[in-house]
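**Student:** Okay, so here is data31.txt, and as you'll see once you scroll down, it has compact mmCIF, C-alpha atoms and all ligand atoms.
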# COMPACT_ATOMS: atom_id res chain seq x y z
CA MET A 19 91.19 119.54 87.17
CA LYS A 20 90.41 115.86 86.90
CA PHE A 21 93.24 113.32 87.38
CA LEU A 22 92.91 109.59 86.77
CA ARG A 23 94.80 106.36 86.21
CA TYR A 24 93.96 104.28 83.19
CA GLU A 25 94.93 101.32 81.07
CA TYR A 26 94.95 101.80 77.33
CA GLN A 27 96.55 99.52 74.73
CA ASN A 28 98.22 97.53 77.52
CA PHE A 29 99.89 100.56 79.07
CA VAL A 30 99.02 101.93 82.51
CA ASN A 31 99.43 105.67 83.01
CA TRP A 32 98.35 108.65 85.00
CA GLY A 33 96.19 110.99 83.02
CA TRP A 34 94.01 114.08 83.04
CA LEU A 35 90.52 114.43 81.66
CA LEU A 36 89.32 117.01 79.15
CA GLU A 37 85.62 116.44 78.45
CA ASP A 38 85.52 112.86 77.08
CA ASN A 39 89.22 112.53 76.33
CA ILE A 40 92.20 111.50 78.41
CA GLY A 41 95.64 113.06 78.16
CA LYS A 42 98.68 111.21 79.42
CA ILE A 43 100.68 112.54 82.36
CA GLU A 44 104.37 111.88 82.92
CA GLY A 45 105.92 112.43 86.34
CA ASN A 46 104.39 112.66 89.79
CA ILE A 47 100.92 114.20 90.03
CA PHE A 48 101.75 115.22 93.63
CA GLY A 49 104.97 116.92 92.52
CA GLU A 50 106.39 117.69 89.09
CA TYR A 51 104.64 116.38 86.03
CA ARG A 52 103.99 117.08 82.37
CA ARG A 53 100.58 116.88 80.71
CA PHE A 54 100.17 115.69 77.14
CA GLU A 55 97.41 116.35 74.65
CA ALA A 56 94.03 114.79 75.54
CA ASN A 57 93.61 112.44 72.59
CA ILE A 58 92.57 109.09 74.11
CA PRO A 59 88.79 108.54 74.11
CA LEU A 60 87.60 107.91 77.66
CA SER A 61 85.31 105.14 76.36
CA GLU A 62 88.32 103.15 75.07
CA ALA A 63 90.31 103.20 78.31
CA ARG A 64 89.85 101.09 81.42
CA LEU A 65 89.82 103.26 84.53
CA LEU A 66 91.89 102.14 87.52
CA PRO A 67 91.71 103.42 91.09
CA PRO A 68 92.91 107.03 90.74
CA VAL A 69 95.40 106.71 93.61
CA LYS A 70 97.90 104.24 95.05
CA PRO A 71 97.58 105.00 98.76
CA SER A 72 100.01 103.87 101.46
CA LYS A 73 96.88 103.55 103.61
CA ILE A 74 93.12 103.97 103.46
CA ILE A 75 91.81 105.63 106.61
CA CYS A 76 88.07 105.35 107.14
CA LEU A 77 85.58 107.03 109.42
CA GLY A 78 82.94 105.09 111.28
CA ARG A 79 79.71 106.75 112.38
CA ASN A 80 80.37 110.18 110.86
CA TYR A 81 76.76 110.91 109.86
CA ALA A 82 74.16 111.09 112.64
CA SER A 83 71.53 109.51 110.34
CA HIS A 84 73.65 106.37 109.79
CA VAL A 85 74.47 106.14 113.50
CA ALA A 86 70.73 106.19 114.27
CA GLU A 87 69.95 103.30 111.91
CA HIS A 88 72.50 101.15 113.75
CA GLN A 89 71.26 102.23 117.21
CA VAL A 90 74.67 103.29 118.48
CA ASP A 91 75.90 106.65 119.82
CA VAL A 92 77.48 109.46 117.83
CA PRO A 93 81.19 109.30 118.78
CA GLU A 94 82.68 112.12 120.83
CA ILE A 95 85.91 111.87 118.88
CA PRO A 96 86.26 110.54 115.32
CA LEU A 97 86.14 106.74 115.11
CA ILE A 98 88.72 105.53 112.60
CA PHE A 99 89.71 102.21 111.07
CA LEU A 100 91.83 101.08 108.10
CA LYS A 101 91.10 99.22 104.90
CA PRO A 102 94.04 97.54 103.10
CA PRO A 103 95.15 98.95 99.72
CA SER A 104 94.54 95.44 98.32
CA SER A 105 90.79 96.12 98.67
CA LEU A 106 90.87 98.83 95.94
CA ILE A 107 89.10 98.53 92.61
CA GLY A 108 88.27 101.24 90.08
CA HIS A 109 85.24 102.51 88.21
CA GLY A 110 83.64 99.58 86.39
CA GLY A 111 85.38 97.01 88.61
CA LYS A 112 83.57 94.05 90.13
CA ILE A 113 82.77 93.69 93.83
CA VAL A 114 83.14 90.00 94.71
CA LEU A 115 80.83 88.67 97.43
CA PRO A 116 82.99 86.54 99.75
CA PRO A 117 81.63 83.10 100.69
CA GLN A 118 82.29 83.84 104.40
CA SER A 119 79.54 86.49 104.58
CA LYS A 120 75.77 86.44 104.21
CA GLN A 121 75.35 90.21 104.53
CA VAL A 122 77.54 92.43 102.35
CA GLU A 123 76.42 96.07 102.29
CA HIS A 124 77.24 99.25 100.35
CA GLU A 125 78.35 102.49 102.01
CA ALA A 126 78.53 105.52 99.70
CA GLU A 127 81.21 107.95 100.84
CA LEU A 128 83.13 111.08 99.92
CA ALA A 129 86.88 110.33 99.81
CA VAL A 130 89.71 112.82 100.34
CA ILE A 131 93.07 112.41 98.58
CA ILE A 132 96.02 113.75 100.54
CA GLY A 133 98.54 115.81 98.55
CA LYS A 134 101.49 116.23 100.90
CA THR A 135 103.13 114.68 103.91
CA GLY A 136 101.94 115.94 107.27
CA ARG A 137 101.72 115.31 111.01
CA TRP A 138 99.98 117.32 113.75
CA ILE A 139 98.11 119.44 111.20
CA ASP A 140 95.95 122.33 112.49
CA PRO A 141 92.34 122.22 111.23
CA GLU A 142 92.86 125.74 109.86
CA LYS A 143 95.79 124.47 107.76
CA ALA A 144 94.18 121.18 106.69
CA GLU A 145 93.11 122.54 103.31
CA GLU A 146 96.79 122.78 102.24
CA PHE A 147 97.13 119.02 102.57
CA ILE A 148 94.14 118.15 100.38
CA PHE A 149 94.98 117.24 96.79
CA GLY A 150 91.43 116.50 95.72
CA TYR A 151 88.35 114.36 96.18
CA THR A 152 86.83 111.23 94.74
CA ILE A 153 83.93 108.84 95.35
CA ALA A 154 84.24 105.64 97.37
CA ASN A 155 82.19 102.68 98.48
CA ASP A 156 83.17 101.32 101.90
CA VAL A 157 81.82 97.84 101.15
CA THR A 158 81.22 96.00 104.42
CA ALA A 159 80.46 92.41 105.44
CA ARG A 160 78.10 93.56 108.21
CA ASP A 161 77.68 90.13 109.80
CA LEU A 162 81.46 89.65 110.13
CA GLN A 163 81.94 93.22 111.40
CA ARG A 164 79.39 92.54 114.16
CA PHE A 165 80.71 89.06 114.95
CA ASP A 166 84.35 90.13 115.29
CA GLY A 167 83.81 93.37 117.21
CA GLN A 168 86.77 94.88 115.37
CA TRP A 169 86.41 95.62 111.71
CA THR A 170 89.43 94.44 109.74
CA ARG A 171 87.85 91.29 108.35
CA GLY A 172 84.42 92.76 107.63
CA LYS A 173 85.89 95.76 105.83
CA GLY A 174 89.06 94.30 104.35
CA PHE A 175 88.17 91.79 101.62
CA ASP A 176 89.65 92.24 98.15
CA THR A 177 87.34 94.44 95.99
CA PHE A 178 85.71 96.02 99.07
CA CYS A 179 86.98 99.52 98.26
CA PRO A 180 85.75 100.79 94.88
CA VAL A 181 87.02 104.35 94.23
CA GLY A 182 86.86 106.75 91.31
CA PRO A 183 86.20 107.43 88.55
CA TYR A 184 88.80 110.20 88.96
CA ILE A 185 90.18 112.82 91.34
CA GLU A 186 88.48 116.21 91.21
CA THR A 187 90.77 118.94 92.55
CA ASP A 188 88.16 121.69 92.30
CA PHE A 189 85.50 120.68 94.83
CA ASP A 190 83.84 122.15 97.91
CA SER A 191 83.25 119.44 100.53
CA SER A 192 81.03 121.55 102.80
CA ASP A 193 77.64 120.86 101.15
CA ALA A 194 77.62 118.32 98.30
CA LEU A 195 74.85 115.83 97.58
CA ILE A 196 75.73 112.11 97.81
CA THR A 197 73.38 109.63 96.13
CA CYS A 198 73.62 105.85 95.97
CA LYS A 199 71.42 103.86 93.60
CA ILE A 200 71.19 100.08 93.39
CA ASN A 201 69.61 98.88 90.14
CA GLN A 202 68.32 102.44 89.54
CA GLN A 203 66.60 102.58 92.97
CA ILE A 204 67.76 105.29 95.35
CA ARG A 205 69.10 103.81 98.61
CA GLN A 206 71.15 106.67 100.05
CA MET A 207 70.78 110.43 99.61
CA SER A 208 72.35 113.00 101.88
CA SER A 209 74.56 116.06 101.95
CA THR A 210 78.14 116.20 103.20
CA ARG A 211 77.00 119.07 105.45
CA ASP A 212 75.50 116.36 107.71
CA MET A 213 78.91 114.98 108.63
CA VAL A 214 79.54 114.91 112.39
CA PHE A 215 83.21 115.87 111.88
CA PRO A 216 84.03 117.87 108.73
CA VAL A 217 87.03 117.09 106.52
CA GLU A 218 89.38 119.65 108.15
CA LYS A 219 88.79 118.18 111.61
CA LEU A 220 89.29 114.65 110.29
CA ILE A 221 92.67 115.55 108.79
CA ALA A 222 93.74 117.22 112.05
CA PHE A 223 92.63 114.19 114.08
CA ILE A 224 94.17 111.52 111.84
CA SER A 225 97.47 113.40 111.54
CA SER A 226 97.70 113.57 115.34
CA ILE A 227 98.02 109.77 115.22
CA MET A 228 99.84 108.90 112.00
CA THR A 229 101.81 110.64 109.26
CA ILE A 230 99.65 111.22 106.22
CA GLU A 231 101.30 110.95 102.83
CA PRO A 232 100.59 111.93 99.22
CA GLY A 233 97.98 109.59 97.77
CA ASP A 234 96.57 108.50 101.11
CA LEU A 235 92.79 108.15 101.05
CA ILE A 236 90.38 109.23 103.76
CA LEU A 237 86.87 107.80 103.51
CA THR A 238 84.68 110.25 105.39
CA GLY A 239 81.82 107.97 106.49
CA THR A 240 78.42 107.07 105.10
CA PRO A 241 74.95 108.56 105.54
CA ALA A 242 71.78 106.54 106.29
CA GLY A 243 70.35 103.99 103.90
CA VAL A 244 73.03 101.30 103.77
CA GLY A 245 71.68 97.99 102.54
CA GLN A 246 72.48 94.54 101.30
CA LEU A 247 74.14 93.79 97.97
CA LYS A 248 73.33 90.75 95.84
CA THR A 249 74.89 89.15 92.80
CA ASP A 250 74.37 91.19 89.61
CA ASP A 251 73.46 94.39 91.48
CA GLN A 252 74.48 97.55 89.66
CA ILE A 253 75.72 100.28 91.98
CA GLU A 254 75.88 103.95 91.04
CA ILE A 255 77.24 106.43 93.55
CA GLU A 256 77.07 110.05 92.54
CA ILE A 257 78.56 113.06 94.29
CA GLU A 258 77.52 116.43 93.01
CA GLY A 259 80.59 118.22 91.67
CA ILE A 260 82.70 115.06 91.26
CA GLY A 261 80.91 112.53 89.05
CA ARG A 262 79.59 108.99 89.22
CA LEU A 263 81.23 105.74 90.34
CA GLU A 264 79.72 102.57 88.87
CA ASN A 265 80.40 98.98 89.90
CA ILE A 266 78.68 95.62 89.67
CA VAL A 267 78.45 92.77 92.17
CA VAL A 268 79.47 89.20 91.39
CA SER A 269 79.52 86.01 93.43
CA LYS A 270 82.80 84.20 94.13
CA ASP A 271 82.32 81.98 91.13
CA GLY A 272 81.20 84.76 88.82
MG MG B 1 81.95 103.49 106.02
For the file at hand, write its structure as structure tokens.
Ligand code: MG
**Tutor:**
Amino acid sequence: MKFLRYEYQNFVNWGWLLEDNIGKIEGNIFGEYRRFEANIPLSEARLLPPVKPSKIICLGRNYASHVAEHQVDVPEIPLIFLKPPSSLIGHGGKIVLPPQSKQVEHEAELAVIIGKTGRWIDPEKAEEFIFGYTIANDVTARDLQRFDGQWTRGKGFDTFCPVGPYIETDFDSSDALITCKINQQIRQMSSTRDMVFPVEKLIAFISSIMTIEPGDLILTGTPAGVGQLKTDDQIEIEIEGIGRLENIVVSKDG
């Protein structure tokens, strides 16, 4: 099933998608809820980030191909960092280039949505904690990331975490194609099978450090082909079996 959050006629709601129509949901999508008839045309609603996470946990260097292009080593244990929830935007939202950076880059990624609270989760049991999947762009000010040595500033600007368009609960993360196009040109294309650490191991590792909660997002890392974004760029990230996330880039003044 596909879950989403949307704004329609000045109301914000959770919803579910049936072909090109949205049905309202009342209640908690991670607990008890009620679905209503799908009678709102998708084209008339504004899509919002499909989750409200307590935290966004991201993986660095989780595809060998991306590690190679940055001439660093594949980590022996997962390398994690956080993005603030204030960086989230939805499908159709605008990525704002901050004036502090001269090198903002896209990173197409598969994102996991956690469905229940957990700590010290076994990899074999990790599946039980997955609610669904969506598409994310771990937008990065590469020059600031390099300058600082730690990544909070380079990864944390407002609008630097586009996610969506919706949550797909029926998805196999073991071998799905990820494609990123900028202005119709393919920049990134890879399969999730090339991840260094698969989703189950990531959930086990992260939950050995912090409690994961319903709605938390895990961005699983990006494959090779990251590149610079410029004003007016149109970004399309597609993951086979989920859908397509589209965003545009604007300058501070735009
Ligand atoms: Mg990334």
**Student:** As an exercise, work out the distance from CA of Leu35 (chain A) to CA of Ala56 (chain A) in Å and give it to one decimal place.
**Tutor:** 7.1 Å
**Student:** To one decimal in Å, tell me the separation between CA of Gly167 (chain A) and CA of Lys248 (chain A).
**Tutor:**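 Atom-to-atom, CA of Gly167 (chain A) and CA of Lys248 (chain A) are spaced 23.9 Å apart.
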**Student:** Could you list the protein, DNA and RNA residues that have any atom within 12 Å of ligand MG 1 (chain B), counting only C-alpha atoms and all ligand atoms, and write them as an MDAnalysis selection string?
**Tutor:** chainID A and resid 74:81 84:85 97:101 123:129 154:160 163 169 172:174 178:179 236:244
**Student:** Just how far from CA of Lys42 (chain A) is CA of Glu55 (chain A), in Å to one decimal?
**Tutor:**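 Computed distance, CA of Glu55 (chain A) to CA of Lys42 (chain A), equals 7.1 Å.
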**Student:** Would you please work out which residue, of A:Trp32, A:Tyr51, A:Lys112, A:Val90, is nearest to Thr177 (chain A) when using only C-alpha atoms?
**Tutor:**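 Of A:Trp32, A:Tyr51, A:Lys112, A:Val90, the one nearest Thr177 (chain A), counting only C-alpha atoms, is A:Lys112.
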**Student:** Please determine, counting all atoms listed in the file, which residue among A:Ile200, A:Gly33, A:Ile58, A:Phe175 has the shortest atom-to-atom distance to Pro117 (chain A).
**Tutor:**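 For Pro117 (chain A), the nearest of the candidates is A:Phe175.
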**Student:** With distances taken over all atoms listed in the file, which residue among A:Glu145, A:Glu44, A:Glu218, A:Asp250 lies nearest Thr187 (chain A)?
**Tutor:**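 Closest residue, counting all atoms listed in the file: A:Glu145.
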**Student:** Hey, what's within 7 Å of region 253-261 of chain A if we count all atoms listed in the file and toss same-chain stuff fewer than 3 positions away? As a list of chain:residue names, please?
**Tutor:**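 Here the qualifying residues turn out to be A:Ala126, A:Thr152, A:Ile153, A:Glu186, A:Phe189, A:Ala194, A:Leu195, A:Ile196, A:Thr197, A:Cys198, A:Lys199, A:Ile200, A:Asn201, A:Glu264, A:Asn265, A:Ile266.
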**Student:** In terms of the shortest atom-to-atom distance over only C-alpha atoms, which of A:Phe54, A:Asp234, A:Gln252, A:Ala86 is closest to Ile204 (chain A)?
**Tutor:**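 Checking each of A:Phe54, A:Asp234, A:Gln252, A:Ala86 against Ile204 (chain A), counting only C-alpha atoms, the winner is A:Gln252.
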**Student:** Calculated over all atoms listed in the file, which of the candidates A:Ala222, A:Phe29, A:Gly245, A:Ile230 has the smallest distance to Pro141 (chain A)?
**Tutor:** A:Ala222
**Student:** List every protein, DNA or RNA residue that has at least one atom no more than 12 Å from (94.0, 109.6, 74.9) in the file's coordinates, counting only C-alpha atoms, and write the result as a PyMOL selection string.
**Tutor:** chain A and resi 22-27+29-43+53-64
**Student:** So which one's closest to Ile131 (chain A), A:Asn28, A:Thr170, A:Ser72, A:Gln118? Using all atoms listed in the file, please.
**Tutor:**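 Among the listed residues, A:Ser72 lies closest to Ile131 (chain A).
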**Student:** Hey, what's within 6 Å of Pro71 (chain A) if we count only C-alpha atoms and toss same-chain stuff fewer than 2 positions away? As JSON, numbers by chain, please?
**Tutor:** {"A": [69, 73, 233, 234]}
**Student:** With all atoms listed in the file as the counted atoms, please give the residues lying no more than 8 Å from Glu231 (chain A), apart from itself and same-chain residues fewer than 4 positions off, as a ChimeraX atom specification.
**Tutor:** /A:72,132-136
**Student:** Where's the centre, and what are the edge lengths in Å to one decimal, of a box along x, y and z enclosing all listed atoms of region 160-169 of chain A padded 3 Å per side, as JSON?
**Tutor:**
{"center_x": 82.2, "center_y": 92.3, "center_z": 112.7, "size_x": 15.1, "size_y": 12.6, "size_z": 15.0}
**Student:** Could you name the residues that touch Asp193 (chain A) at 6 Å or less, counting all atoms listed in the file, but leaving out those on the same chain fewer than 5 positions away, as a list of chain:residue names?
**Tutor:** A:Ser209, A:Thr210, A:Arg211
**Student:** Keeping C-alpha atoms, export the residues of the selection given above as a tab-separated table (two decimals), keeping the file's coordinate frame.
**Tutor:**
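Written file, again21.tsv:
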chain	number	residue	atom	x	y	z
A	209	SER	CA	74.56	116.06	101.95
A	210	THR	CA	78.14	116.20	103.20
A	211	ARG	CA	77.00	119.07	105.45
